[in-house]
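> Have a peek at structure33.txt (compact mmCIF, C-alpha atoms).
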# COMPACT_ATOMS: atom_id res chain seq x y z
CA MET A 21 133.27 45.01 -244.47
CA ALA A 22 136.63 45.28 -246.22
CA CYS A 23 137.39 43.13 -249.26
CA GLU A 24 140.04 41.08 -247.46
CA GLN A 25 137.56 40.05 -244.83
CA TRP A 26 135.24 38.62 -247.49
CA ARG A 27 137.92 36.69 -249.32
CA GLY A 28 138.13 33.99 -246.68
CA LYS A 29 134.39 33.40 -246.92
CA LEU A 30 134.13 32.88 -250.67
CA ASP A 31 134.31 29.08 -250.40
CA ALA A 32 131.61 28.96 -247.76
CA TYR A 33 129.51 31.32 -249.88
CA ALA A 34 129.92 29.08 -252.94
CA ASP A 35 129.07 26.05 -250.78
CA GLY A 36 125.94 27.75 -249.48
CA GLU A 37 127.20 27.55 -245.92
CA LEU A 38 127.27 31.22 -244.94
CA ASP A 39 124.60 32.41 -242.54
CA PRO A 40 121.85 34.57 -244.07
CA ALA A 41 123.28 37.87 -242.83
CA GLU A 42 126.73 37.17 -244.26
CA THR A 43 125.23 35.87 -247.49
CA ARG A 44 123.37 39.16 -247.90
CA GLY A 45 126.50 41.14 -247.02
CA LEU A 46 128.71 39.33 -249.50
CA GLY A 47 125.97 39.47 -252.10
CA ALA A 48 125.97 43.25 -251.74
CA HIS A 49 129.77 43.45 -251.89
CA LEU A 50 130.26 41.36 -255.04
CA PRO A 51 128.76 43.68 -257.68
CA GLY A 52 131.16 46.44 -256.65
CA CYS A 53 134.31 44.25 -256.34
CA SER A 54 135.64 42.66 -259.51
CA THR A 55 138.44 40.89 -257.62
CA CYS A 56 136.08 39.04 -255.28
CA ALA A 57 133.65 38.37 -258.13
CA ALA A 58 136.42 36.86 -260.28
CA ASP A 59 137.67 34.82 -257.35
CA LEU A 60 134.17 33.52 -256.66
CA LEU A 61 133.70 32.63 -260.31
CA GLN A 62 136.90 30.62 -260.21
CA ARG A 63 135.75 28.72 -257.14
CA VAL A 64 132.33 27.99 -258.58
CA GLN A 65 133.95 26.77 -261.79
CA LEU A 66 136.22 24.48 -259.84
CA LYS A 67 133.25 23.11 -257.93
CA ARG A 68 131.45 22.38 -261.18
CA SER A 69 134.52 20.79 -262.70
CA VAL A 70 134.96 18.49 -259.72
CA GLN A 71 131.27 17.65 -259.72
CA ALA A 72 131.33 16.65 -263.37
CA ALA A 73 134.62 14.78 -263.10
CA GLY A 74 133.64 13.07 -259.87
CA ARG A 75 130.62 11.36 -261.37
CA ARG A 76 132.74 8.84 -263.09
CA TYR A 77 132.08 5.27 -262.09
CA SER A 78 129.00 3.13 -262.50
CA ALA A 79 128.51 -0.16 -260.75
CA SER A 80 127.77 -3.25 -262.76
CA PRO A 81 124.18 -4.52 -262.66
CA GLU A 82 125.62 -7.78 -261.34
CA LEU A 83 126.88 -6.04 -258.20
CA ARG A 84 123.51 -4.44 -257.56
CA ASN A 85 121.79 -7.80 -258.01
CA ARG A 86 124.30 -9.52 -255.78
CA ILE A 87 123.81 -7.00 -252.97
CA SER A 88 120.03 -7.06 -253.37
CA THR A 89 120.12 -10.84 -253.09
CA VAL A 90 122.39 -10.72 -250.04
CA LEU A 91 120.11 -8.19 -248.37
CA ALA A 92 116.97 -10.14 -249.22
CA THR A 93 118.52 -13.29 -247.80
CA LYS A 94 119.68 -11.60 -244.63
CA ILE A 95 116.44 -9.69 -244.16
CA GLY A 96 114.50 -12.89 -244.73
CA ALA A 97 116.73 -14.77 -242.29
CA SER A 98 116.35 -12.09 -239.66
CA LYS A 99 112.60 -12.35 -240.01
CA ILE A 100 112.65 -16.11 -239.53
CA GLY A 101 115.34 -15.85 -236.88
CA ALA A 102 114.98 -15.02 -233.23
CA SER A 103 114.83 -11.27 -233.61
CA LYS A 104 111.59 -11.08 -235.57
CA PRO A 105 109.91 -14.46 -235.39
CA ARG A 106 106.45 -13.14 -234.78
CA ARG A 107 106.19 -10.61 -237.52
CA PRO A 108 104.90 -12.71 -240.43
CA MET A 109 103.02 -15.02 -238.09
CA GLY A 110 101.43 -12.01 -236.47
CA TRP A 111 100.10 -10.80 -239.76
CA TYR A 112 98.60 -14.12 -240.74
CA TRP A 113 97.21 -14.56 -237.28
CA GLN A 114 95.52 -11.18 -237.43
CA ILE A 115 94.23 -11.71 -240.94
CA LEU A 116 92.67 -15.02 -239.94
CA ALA A 117 91.79 -14.26 -236.37
CA VAL A 118 89.81 -11.07 -236.84
CA PRO A 119 87.16 -12.56 -239.15
CA ALA A 120 87.21 -15.80 -237.16
CA LEU A 121 86.57 -13.91 -233.95
CA LEU A 122 83.84 -11.84 -235.58
CA LEU A 123 82.29 -15.03 -236.92
CA LEU A 124 82.44 -16.59 -233.48
CA ILE A 125 80.86 -13.56 -231.80
CA LEU A 126 78.25 -13.40 -234.55
CA SER A 127 77.43 -17.10 -234.28
CA ILE A 128 77.16 -16.88 -230.50
CA GLY A 129 74.92 -13.86 -230.91
CA VAL A 130 72.80 -15.56 -233.56
CA ASN A 131 72.54 -18.70 -231.46
CA LEU A 132 71.55 -16.73 -228.39
CA TYR A 133 69.05 -14.74 -230.42
CA LEU A 134 67.63 -17.78 -232.17
CA GLY A 135 67.58 -19.66 -228.91
CA ARG A 136 65.71 -16.84 -227.25
CA GLU A 137 63.33 -16.51 -230.19
CA ASN A 138 62.79 -20.24 -230.20
CA ALA A 139 62.09 -20.14 -226.48
CA ARG A 140 59.54 -17.33 -226.98
CA ARG A 141 57.90 -19.24 -229.78
CA GLN A 142 57.77 -22.38 -227.70
CA ARG A 143 56.30 -20.40 -224.85
CA VAL A 144 53.54 -19.08 -227.12
CA TYR A 145 52.74 -22.55 -228.43
CA SER A 146 52.87 -24.04 -224.94
CA GLU A 147 50.36 -21.48 -223.76
CA LEU A 148 48.13 -22.11 -226.75
CA ALA A 149 48.38 -25.86 -226.29
CA ASP A 150 47.47 -25.37 -222.63
CA LEU A 151 44.47 -23.26 -223.62
CA HIS A 152 43.41 -25.90 -226.13
CA VAL A 153 43.70 -28.74 -223.62
CA ALA A 154 42.09 -26.73 -220.81
CA ALA A 155 39.14 -25.81 -222.99
CA LEU A 156 38.55 -29.41 -224.09
CA ALA A 157 38.88 -30.69 -220.49
CA SER A 158 36.44 -28.11 -219.28
CA ALA A 159 32.83 -29.04 -218.59
CA SER A 160 31.85 -26.25 -220.94
CA PRO A 161 34.51 -26.03 -223.62
CA VAL A 162 32.75 -23.24 -225.43
CA ASP A 163 30.73 -20.29 -224.25
CA VAL A 164 28.75 -19.98 -227.40
CA ILE A 165 27.54 -23.27 -228.66
CA SER A 166 26.76 -22.94 -232.29
CA THR A 167 27.61 -24.52 -235.56
CA ASP A 168 26.58 -21.39 -237.31
CA ARG A 169 29.29 -18.89 -237.99
CA HIS A 170 26.64 -16.23 -238.24
CA THR A 171 25.85 -16.87 -234.59
CA VAL A 172 29.38 -17.19 -233.33
CA LYS A 173 30.87 -14.14 -234.97
CA PRO A 174 28.39 -11.61 -233.54
CA TRP A 175 28.76 -13.21 -230.12
CA PHE A 176 32.36 -11.97 -229.96
CA GLN A 177 31.37 -8.39 -230.65
CA GLY A 178 32.15 -6.24 -227.63
CA LYS A 179 34.10 -9.05 -226.05
CA ILE A 180 37.26 -8.77 -228.11
CA PRO A 181 38.80 -5.64 -229.66
CA PHE A 182 38.63 -6.88 -233.25
CA THR A 183 36.42 -8.66 -235.74
CA PHE A 184 37.13 -11.55 -238.08
CA ASN A 185 35.47 -13.60 -240.77
CA LEU A 186 34.73 -17.29 -240.49
CA PRO A 187 34.48 -19.72 -243.42
CA GLU A 188 31.47 -21.49 -244.81
CA LEU A 189 31.91 -25.14 -243.84
CA GLN A 190 29.13 -26.85 -245.72
CA ALA A 191 31.32 -28.52 -248.31
CA SER A 192 34.02 -29.41 -245.76
CA PRO A 193 34.51 -32.16 -243.16
CA PHE A 194 34.78 -29.53 -240.43
CA THR A 195 32.14 -28.64 -237.91
CA LEU A 196 32.19 -25.52 -235.78
CA LEU A 197 31.48 -26.46 -232.16
CA GLY A 198 31.51 -23.01 -230.73
CA GLY A 199 33.69 -20.28 -229.36
CA ARG A 200 34.97 -18.60 -226.21
CA VAL A 201 36.96 -15.60 -225.22
CA THR A 202 40.50 -16.47 -224.28
CA TYR A 203 43.48 -14.55 -223.11
CA LEU A 204 47.07 -14.56 -224.17
CA ALA A 205 49.38 -12.17 -222.47
CA GLN A 206 46.48 -10.54 -220.70
CA THR A 207 44.98 -9.70 -224.06
CA PRO A 208 41.62 -11.04 -225.14
CA GLY A 209 41.28 -13.10 -228.27
CA ALA A 210 38.89 -15.51 -229.95
CA HIS A 211 39.12 -19.23 -229.34
CA LEU A 212 37.09 -21.30 -231.81
CA ILE A 213 36.74 -25.03 -231.64
CA TYR A 214 36.18 -27.11 -234.72
CA GLN A 215 35.73 -30.79 -235.06
CA VAL A 216 36.83 -33.13 -237.78
CA ARG A 217 36.32 -36.88 -237.48
CA LYS A 218 36.11 -36.81 -233.67
CA HIS A 219 39.18 -34.59 -233.37
CA GLU A 220 38.87 -31.16 -231.89
CA ILE A 221 40.88 -28.36 -233.39
CA SER A 222 41.36 -25.02 -231.70
CA VAL A 223 41.64 -21.86 -233.73
CA PHE A 224 43.05 -18.88 -231.87
CA ILE A 225 42.83 -15.37 -233.24
CA PHE A 226 44.73 -12.50 -231.66
CA GLN A 227 45.78 -9.06 -232.69
CA ASP A 228 49.19 -9.49 -234.20
CA ARG A 229 50.65 -6.52 -232.32
CA ILE A 230 50.46 -8.25 -228.96
CA PHE A 231 53.34 -10.46 -230.04
CA GLU A 232 55.41 -7.37 -230.77
CA ASP A 233 54.53 -6.04 -227.33
CA ARG A 234 55.76 -9.30 -225.89
CA GLY A 235 59.03 -8.87 -227.73
CA THR A 236 58.27 -11.64 -230.13
CA ASP A 237 58.64 -10.59 -233.70
CA PRO A 238 55.68 -12.11 -235.55
CA ALA A 239 57.99 -12.83 -238.44
CA THR A 240 59.87 -15.25 -236.27
CA LEU A 241 56.71 -17.07 -235.37
CA PRO A 242 56.25 -19.91 -237.74
CA SER A 243 54.05 -19.48 -240.74
CA GLY A 244 52.92 -22.81 -241.98
CA PRO A 245 52.99 -26.11 -240.18
CA ALA A 246 54.78 -26.71 -236.91
CA HIS A 247 54.78 -29.51 -234.47
CA ALA A 248 55.04 -29.29 -230.72
CA ALA A 249 53.90 -31.34 -227.73
CA SER A 250 52.20 -33.96 -229.91
CA PHE A 251 49.92 -31.31 -231.46
CA ASN A 252 49.99 -30.21 -235.01
CA GLU A 253 49.97 -26.48 -235.50
CA GLU A 254 49.48 -23.94 -238.20
CA SER A 255 49.98 -20.22 -237.92
CA TRP A 256 49.81 -17.16 -240.11
CA THR A 257 49.18 -13.45 -240.05
CA GLN A 258 46.32 -11.91 -241.94
CA ASN A 259 44.86 -8.37 -241.80
CA GLY A 260 46.72 -7.59 -238.60
CA LEU A 261 45.44 -10.74 -236.96
CA ARG A 262 47.46 -13.70 -235.91
CA TYR A 263 45.86 -17.09 -236.46
CA PHE A 264 46.90 -20.24 -234.67
CA VAL A 265 45.41 -23.61 -235.51
CA ILE A 266 46.29 -26.34 -233.07
CA GLY A 267 45.01 -29.83 -232.50
CA ASP A 268 45.66 -33.56 -232.52
CA ALA A 269 44.10 -33.98 -235.95
CA GLY A 270 46.30 -34.81 -238.90
CA ALA A 271 48.44 -32.14 -240.44
CA GLU A 272 46.40 -32.33 -243.65
CA ASP A 273 43.21 -31.53 -241.72
CA LEU A 274 44.84 -28.55 -240.05
CA GLN A 275 46.11 -27.31 -243.40
CA ALA A 276 42.68 -27.72 -244.95
CA LEU A 277 41.04 -25.80 -242.11
CA SER A 278 43.71 -23.17 -242.27
CA LYS A 279 43.05 -22.72 -245.97
CA LEU A 280 39.34 -22.24 -245.30
CA LEU A 281 40.07 -19.64 -242.63
CA ARG A 282 42.57 -17.82 -244.85
CA ASP A 283 40.13 -17.71 -247.74
CA ALA A 284 37.41 -16.36 -245.47
CA GLY A 285 39.68 -13.84 -243.70
CA MET B 18 118.66 12.64 -246.07
CA LYS B 19 116.65 12.42 -242.90
CA VAL B 20 114.67 9.31 -242.07
CA PRO B 21 111.35 9.46 -240.23
CA GLU B 22 111.31 9.54 -236.43
CA GLN B 23 110.00 6.04 -236.03
CA PRO B 24 111.33 2.54 -235.54
CA VAL B 25 112.96 1.21 -238.64
CA SER B 26 112.70 -2.34 -239.85
CA ALA B 27 114.86 -4.49 -242.05
CA VAL B 28 112.53 -3.74 -244.92
CA ALA B 29 112.97 -0.03 -244.29
CA PHE B 30 116.72 -0.53 -244.54
CA ASP B 31 116.35 -1.87 -248.05
CA GLU B 32 114.23 1.13 -249.03
CA LEU B 33 116.68 3.60 -247.54
CA ALA B 34 119.94 2.01 -248.55
CA MET B 35 119.43 0.81 -252.10
CA PRO B 36 118.83 4.29 -253.59
CA LEU B 37 122.36 5.18 -252.41
CA PHE B 38 123.89 2.25 -254.28
CA ASP B 39 125.23 4.10 -257.33
CA GLN B 40 126.75 6.99 -255.44
CA LEU B 41 128.28 4.72 -252.81
CA TYR B 42 129.90 2.66 -255.53
CA ASN B 43 131.26 5.78 -257.24
CA PHE B 44 132.72 6.94 -253.93
CA ALA B 45 134.17 3.49 -253.20
CA ARG B 46 135.72 3.33 -256.64
CA TRP B 47 137.36 6.73 -256.14
CA LEU B 48 138.72 5.64 -252.78
CA THR B 49 140.06 2.25 -253.81
CA GLN B 50 141.01 3.11 -257.41
CA ASP B 51 140.13 -0.49 -258.24
CA THR B 52 136.91 -2.07 -259.52
CA ALA B 53 137.08 -5.38 -257.63
CA GLU B 54 138.03 -3.69 -254.38
CA ALA B 55 135.27 -1.15 -254.80
CA GLU B 56 132.72 -3.90 -255.33
CA ASP B 57 133.90 -5.74 -252.24
CA LEU B 58 133.83 -2.51 -250.27
CA VAL B 59 130.26 -1.67 -251.27
CA GLN B 60 129.07 -5.14 -250.47
CA GLU B 61 130.84 -5.05 -247.11
CA THR B 62 129.26 -1.67 -246.43
CA TYR B 63 125.76 -2.93 -247.05
CA THR B 64 126.29 -6.05 -244.97
CA LYS B 65 127.73 -4.09 -242.05
CA ALA B 66 125.05 -1.42 -242.30
CA LEU B 67 122.26 -3.98 -242.24
CA ARG B 68 123.83 -5.67 -239.22
CA GLY B 69 124.16 -2.35 -237.43
CA PHE B 70 120.84 -0.96 -238.57
CA SER B 71 119.13 -1.66 -235.25
CA SER B 72 121.61 0.71 -233.61
CA PHE B 73 121.03 3.38 -236.23
CA GLN B 74 119.29 6.32 -234.64
CA ALA B 75 116.09 7.12 -236.47
CA GLY B 76 115.93 10.80 -237.35
CA THR B 77 119.68 11.14 -237.86
CA ASN B 78 121.36 11.33 -241.21
CA PHE B 79 121.21 7.95 -242.90
CA ARG B 80 123.32 8.91 -245.91
CA ALA B 81 126.14 10.23 -243.73
CA TRP B 82 125.90 7.05 -241.66
CA MET B 83 126.28 4.86 -244.77
CA TYR B 84 129.28 6.85 -245.99
CA ARG B 85 130.90 6.60 -242.58
CA ILE B 86 130.55 2.82 -242.64
CA LEU B 87 131.99 2.67 -246.14
CA ARG B 88 134.89 4.93 -245.27
CA ASN B 89 135.71 3.09 -242.04
CA SER B 90 135.60 -0.20 -243.92
CA PHE B 91 137.95 1.25 -246.49
CA LEU B 92 140.38 2.60 -243.91
CA SER B 93 140.58 -0.82 -242.24
CA SER B 94 141.10 -2.55 -245.59
CA ARG B 95 144.51 -3.48 -247.00
CA THR B 96 144.52 -0.52 -249.37
CA GLY B 97 143.07 1.84 -246.81
CA LEU B 98 145.77 1.04 -244.25
CA LYS B 99 148.37 2.30 -246.70
CA VAL B 100 146.70 5.66 -246.78
CA THR B 101 148.80 7.73 -244.49
CA VAL B 102 148.57 11.41 -244.79
CA ALA B 103 149.95 13.66 -242.16
CA LEU B 104 147.46 16.45 -242.03
CA ASP B 105 147.91 19.52 -240.00
CA GLU B 106 144.33 20.35 -239.19
CA GLY B 107 144.84 24.05 -238.43
CA THR B 108 141.39 25.62 -238.65
CA ASP B 109 142.85 29.08 -239.06
CA GLU B 110 144.03 28.09 -242.52
CA SER B 111 140.48 28.35 -243.75
CA LEU B 112 140.65 32.04 -243.09
CA LEU B 113 143.85 32.59 -245.05
CA PRO B 114 143.46 34.83 -248.07
CA ALA B 115 142.87 32.81 -251.18
CA GLU B 116 145.21 32.94 -254.09
CA LYS B 117 144.57 35.84 -256.30
CA ALA B 118 142.56 35.00 -259.35
CA THR B 119 144.67 35.42 -262.44
CA PRO B 120 143.90 34.76 -266.10
CA GLU B 121 145.99 31.57 -265.80
CA SER B 122 144.11 30.29 -262.78
CA ILE B 123 140.77 30.88 -264.47
CA LEU B 124 142.05 28.85 -267.39
CA ILE B 125 142.92 26.08 -264.99
CA GLU B 126 139.34 25.92 -263.71
CA GLN B 127 138.26 25.29 -267.25
CA ALA B 128 140.52 22.26 -267.42
CA SER B 129 139.22 19.21 -269.16
CA ARG B 130 137.18 16.60 -267.38
CA GLU B 131 139.98 14.07 -267.81
CA ALA B 132 142.48 16.48 -266.30
CA VAL B 133 140.32 17.03 -263.24
CA GLN B 134 139.76 13.29 -262.89
CA GLN B 135 143.48 12.72 -263.04
CA ALA B 136 144.11 15.42 -260.46
CA LEU B 137 141.47 13.95 -258.15
CA SER B 138 143.09 10.54 -258.45
CA ASP B 139 146.45 12.04 -257.59
CA LEU B 140 145.14 13.81 -254.50
CA PRO B 141 145.70 12.22 -251.10
CA VAL B 142 142.63 10.25 -249.99
CA PRO B 143 141.51 12.74 -247.27
CA PHE B 144 141.46 15.56 -249.85
CA ARG B 145 139.89 13.41 -252.54
CA GLU B 146 137.11 12.12 -250.32
CA ILE B 147 136.15 15.49 -248.87
CA LEU B 148 135.97 17.05 -252.34
CA LEU B 149 133.80 14.19 -253.57
CA LEU B 150 131.44 14.47 -250.60
CA CYS B 151 131.17 18.25 -250.97
CA GLU B 152 130.99 18.65 -254.76
CA VAL B 153 129.67 15.33 -256.07
CA GLU B 154 127.42 14.30 -253.20
CA GLU B 155 126.63 17.95 -252.42
CA MET B 156 126.71 17.24 -248.71
CA SER B 157 126.48 20.06 -246.22
CA TYR B 158 129.43 20.71 -243.93
CA GLN B 159 127.44 19.07 -241.15
CA GLU B 160 126.83 15.93 -243.20
CA ILE B 161 130.50 15.76 -244.16
CA ALA B 162 131.44 16.11 -240.51
CA GLU B 163 129.19 13.13 -239.69
CA ALA B 164 130.42 11.01 -242.58
CA LEU B 165 134.10 11.62 -241.82
CA SER B 166 133.69 11.78 -238.03
CA ILE B 167 135.46 15.13 -237.81
CA PRO B 168 134.41 18.53 -236.43
CA ILE B 169 132.89 21.11 -238.77
CA GLY B 170 135.90 23.38 -238.34
CA THR B 171 138.10 20.59 -239.65
CA VAL B 172 135.71 20.10 -242.56
CA MET B 173 136.19 23.74 -243.53
CA SER B 174 139.96 23.78 -243.20
CA ARG B 175 140.42 20.45 -244.96
CA LEU B 176 138.15 21.50 -247.75
CA PHE B 177 140.14 24.70 -248.17
CA ARG B 178 143.41 22.78 -248.41
CA ALA B 179 141.93 20.13 -250.68
CA ARG B 180 140.84 22.80 -253.14
CA LYS B 181 144.20 24.46 -252.97
CA ALA B 182 145.94 21.12 -253.58
CA LEU B 183 143.66 20.40 -256.53
CA ARG B 184 144.37 23.79 -258.07
CA ASP B 185 148.08 23.22 -257.63
CA LEU B 186 147.83 19.85 -259.36
CA LEU B 187 145.81 21.26 -262.22
CA ARG B 188 148.22 24.14 -262.63
CA ARG B 189 151.09 21.70 -262.69
CA GLN B 190 149.34 19.55 -265.28
CA ASP B 191 148.58 22.61 -267.34
CA GLY B 192 152.17 23.81 -267.02
CA GLY B 193 153.44 20.36 -268.06
CA ARG B 194 151.21 20.36 -271.08
CA HIS B 195 152.62 23.70 -272.11
CA GLY B 196 156.19 22.69 -271.44
CA VAL B 197 156.56 25.06 -268.50
Please go through the file and, once you have read it, give me the structure as structure tokens.

Amino acid sequence: MACEQWRGKLDAYADGELDPAETRGLGAHLPGCSTCAADLLQRVQLKRSVQAAGRRYSASPELRNRISTVLATKIGASKIGASKPRRPMGWYWQILAVPALLLLILSIGVNLYLGRENARRQRVYSELADLHVAALASASPVDVISTDRHTVKPWFQGKIPFTFNLPELQASPFTLLGGRVTYLAQTPGAHLIYQVRKHEISVFIFQDRIFEDRGTDPATLPSGPAHAASFNEESWTQNGLRYFVIGDAGAEDLQALSKLLRDAG
Amino acid sequence: MKVPEQPVSAVAFDELAMPLFDQLYNFARWLTQDTAEAEDLVQETYTKALRGFSSFQAGTNFRAWMYRILRNSFLSSRTGLKVTVALDEGTDESLLPAEKATPESILIEQASREAVQQALSDLPVPFREILLLCEVEEMSYQEIAEALSIPIGTVMSRLFRARKALRDLLRRQDGGRHGV
């Protein structure tokens, strides 16, 4: 391209506005053309002079502060005003509502769970109380009539799928009346009847795992004293066996018997 | 300066607009040639821009938009209304051969900062503003076109004439200094 044709593009070249092809073309032309090179130098120098001279005025810090304040006021007003009334509220609402909702869901869940667990537990105790009452009302409350634990314990062998130890009662107010095989959830267990001051106390022994099978976590079954349907109750888990002590005797008597059973077990 | 392609909020306006504060003031001061007027103009620009921010198209050039607001505010101001320059916007002028570089003209380009500032002040506003946008703000032709609301061809021709006018002024100053 002839020199004259490049001359009109020197400004655009200096401004970086030529397309890539023309930029390459002019770039190739310049080293061999002192006139264009000198012209370009002049234009670049003028650009630099204007750039340096043009950066002349600085605003006062007061103006910046004033404008910042005006903006903050107007932005704040627009937030409170009709255009964006929900924005800050929305945030607070979300911040508060999300945990509140989670808490609500959790508490409903916990209540349902506890309610269900409580119902299961009550069902277990109701069944045991029924077994206790039914046995005492029966003409033959026990199938093995013996005060001797050494007689009772072997009697259960082959009748229930586990063995257990019974306490020595000589130094205690308790008397063993006898025992029978009972069933809870179609699973056999031992039902022992003790007497203390004319009160009968039933001791039920089951394999602990049957409560898991029934969906009742043994941990949720009460360990220690409980009270339901006018009976006092004690319950604990020992060596994979679940013990229930239930009767109309005083709580102290049940605890004392429970202690004897625990120590023997 | 491109802003993200997403809805912009009033808070976003603050973040976008305040970094332009110093350069907008410099431009306003060059246009008005008066400190108090420049301050009023910048404040008016920010207020108008915030009000119109909802109509600002995300993804378009925010800086050019701010300069356009400032310039329009200036042109409708008392001082701005006095600015009347009859410009013949012939685009073909941009293709005219430039003046031949001479030892004298090169000397002119090395003129002092004060001399260039004086020449800029003496230039008509349309020439002054386009030179400031191109050289000081380093805007592309496209950005200048957006800021001044003129076609790119006009940007090129006006820029060519503004540079020529500046050189003439500097040469005259230089000649005056040397008693020519």
> For A:Thr167, please output as a list in words all residues within 8 Å (counting all atoms listed in the file; exclusion window: fewer than 5 positions along the same chain).
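In the requested format, the answer is Val172, Thr195, Leu196, Leu197 and Gly198 of chain A.
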> What's the separation between atom CA of A:Ala48 and atom CA of A:Arg63, in Å to one decimal place?
18.3 Å
> Would you pick out the contacts of stretch 141-153 of chain B at 6 Å or less, using all atoms listed in the file, so that residues sharing its chain but fewer than 4 positions from it are not included, and give the list as number ranges by chain?
A: 67, 71, 74; B: 137, 179
> Using all atoms of stretch 141-149 of chain A listed in the file and a margin of 6 Å per side, can you give the axis-aligned box centre and edge lengths in Å to one decimal, as JSON?

{"center_x": 53.0, "center_y": -22.5, "center_z": -226.8, "size_x": 21.8, "size_y": 18.8, "size_z": 18.0}
> With a distance cut-off of 9 Å and only C-alpha atoms, select the neighbouring residues of A:Ser78, excluding the residue or stretch itself and same-chain residues fewer than 6 positions from it, and output the selection as a list in words.
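So, after excluding close chain neighbours, the residues are Asp39, Gln40, Tyr42, Asn43 and Arg46 of chain B.
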> Please report as a compact mmCIF listing (two decimals) with C-alpha atoms, in the coordinates of the input which residues of chain A come no farther than 10 Å from chain B, using all atoms listed in the file.

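Full text of result.txt as output:
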# COMPACT_ATOMS: atom_id res chain seq x y z
CA GLU A 24 140.04 41.08 -247.46
CA GLN A 25 137.56 40.05 -244.83
CA TRP A 26 135.24 38.62 -247.49
CA ARG A 27 137.92 36.69 -249.32
CA GLY A 28 138.13 33.99 -246.68
CA LYS A 29 134.39 33.40 -246.92
CA LEU A 30 134.13 32.88 -250.67
CA ASP A 31 134.31 29.08 -250.40
CA ALA A 32 131.61 28.96 -247.76
CA ASP A 35 129.07 26.05 -250.78
CA GLY A 36 125.94 27.75 -249.48
CA GLU A 37 127.20 27.55 -245.92
CA THR A 55 138.44 40.89 -257.62
CA CYS A 56 136.08 39.04 -255.28
CA ALA A 57 133.65 38.37 -258.13
CA ALA A 58 136.42 36.86 -260.28
CA ASP A 59 137.67 34.82 -257.35
CA LEU A 60 134.17 33.52 -256.66
CA LEU A 61 133.70 32.63 -260.31
CA GLN A 62 136.90 30.62 -260.21
CA ARG A 63 135.75 28.72 -257.14
CA VAL A 64 132.33 27.99 -258.58
CA GLN A 65 133.95 26.77 -261.79
CA LEU A 66 136.22 24.48 -259.84
CA LYS A 67 133.25 23.11 -257.93
CA ARG A 68 131.45 22.38 -261.18
CA SER A 69 134.52 20.79 -262.70
CA VAL A 70 134.96 18.49 -259.72
CA GLN A 71 131.27 17.65 -259.72
CA ALA A 72 131.33 16.65 -263.37
CA ALA A 73 134.62 14.78 -263.10
CA GLY A 74 133.64 13.07 -259.87
CA ARG A 75 130.62 11.36 -261.37
CA ARG A 76 132.74 8.84 -263.09
CA TYR A 77 132.08 5.27 -262.09
CA SER A 78 129.00 3.13 -262.50
CA ALA A 79 128.51 -0.16 -260.75
CA SER A 80 127.77 -3.25 -262.76
CA LEU A 83 126.88 -6.04 -258.20
CA ARG A 84 123.51 -4.44 -257.56
CA ARG A 86 124.30 -9.52 -255.78
CA ILE A 87 123.81 -7.00 -252.97
CA SER A 88 120.03 -7.06 -253.37
CA VAL A 90 122.39 -10.72 -250.04
CA LEU A 91 120.11 -8.19 -248.37
CA ALA A 92 116.97 -10.14 -249.22
CA LYS A 94 119.68 -11.60 -244.63
CA ILE A 95 116.44 -9.69 -244.16
CA GLY A 96 114.50 -12.89 -244.73
CA SER A 98 116.35 -12.09 -239.66
CA LYS A 99 112.60 -12.35 -240.01
CA LYS A 104 111.59 -11.08 -235.57
> Using all atoms listed in the file, which residue out of B:Thr49, B:Ser166, B:Gln190, B:Thr77 lies closest to B:Leu98?
B:Thr49
> Please determine the residues with any atom at most 10 Å from (37.4, -11.0, -231.5) (coordinates as given in the file, with all atoms listed in the file counting) and report them as a PyMOL selection string.
chain A and resi 173-185+200-202+208-211+224-227+261
> Save the residues we just selected, C-alpha atoms, as a tab-separated table (two decimals), in the coordinates of the input?

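Writing done, so here's result-v4.tsv:
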chain	number	residue	atom	x	y	z
A	173	LYS	CA	30.87	-14.14	-234.97
A	174	PRO	CA	28.39	-11.61	-233.54
A	175	TRP	CA	28.76	-13.21	-230.12
A	176	PHE	CA	32.36	-11.97	-229.96
A	177	GLN	CA	31.37	-8.39	-230.65
A	178	GLY	CA	32.15	-6.24	-227.63
A	179	LYS	CA	34.10	-9.05	-226.05
A	180	ILE	CA	37.26	-8.77	-228.11
A	181	PRO	CA	38.80	-5.64	-229.66
A	182	PHE	CA	38.63	-6.88	-233.25
A	183	THR	CA	36.42	-8.66	-235.74
A	184	PHE	CA	37.13	-11.55	-238.08
A	185	ASN	CA	35.47	-13.60	-240.77
A	200	ARG	CA	34.97	-18.60	-226.21
A	201	VAL	CA	36.96	-15.60	-225.22
A	202	THR	CA	40.50	-16.47	-224.28
A	208	PRO	CA	41.62	-11.04	-225.14
A	209	GLY	CA	41.28	-13.10	-228.27
A	210	ALA	CA	38.89	-15.51	-229.95
A	211	HIS	CA	39.12	-19.23	-229.34
A	224	PHE	CA	43.05	-18.88	-231.87
A	225	ILE	CA	42.83	-15.37	-233.24
A	226	PHE	CA	44.73	-12.50	-231.66
A	227	GLN	CA	45.78	-9.06	-232.69
A	261	LEU	CA	45.44	-10.74	-236.96
> Could you check which residues have any atom within 12 Å of (39.2, -24.0, -242.7), counting all atoms listed in the file with coordinates taken straight from the file, and then list them as an NGL selection string?
:A and (185-196 or 212-216 or 221-223 or 254 or 263-265 or 272-285)
> So how far away is atom CA of A:Cys53 from atom CA of B:Lys181, in Å?
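Interatomic distance, atom CA of B:Lys181 to atom CA of A:Cys53: 22.4 Å.
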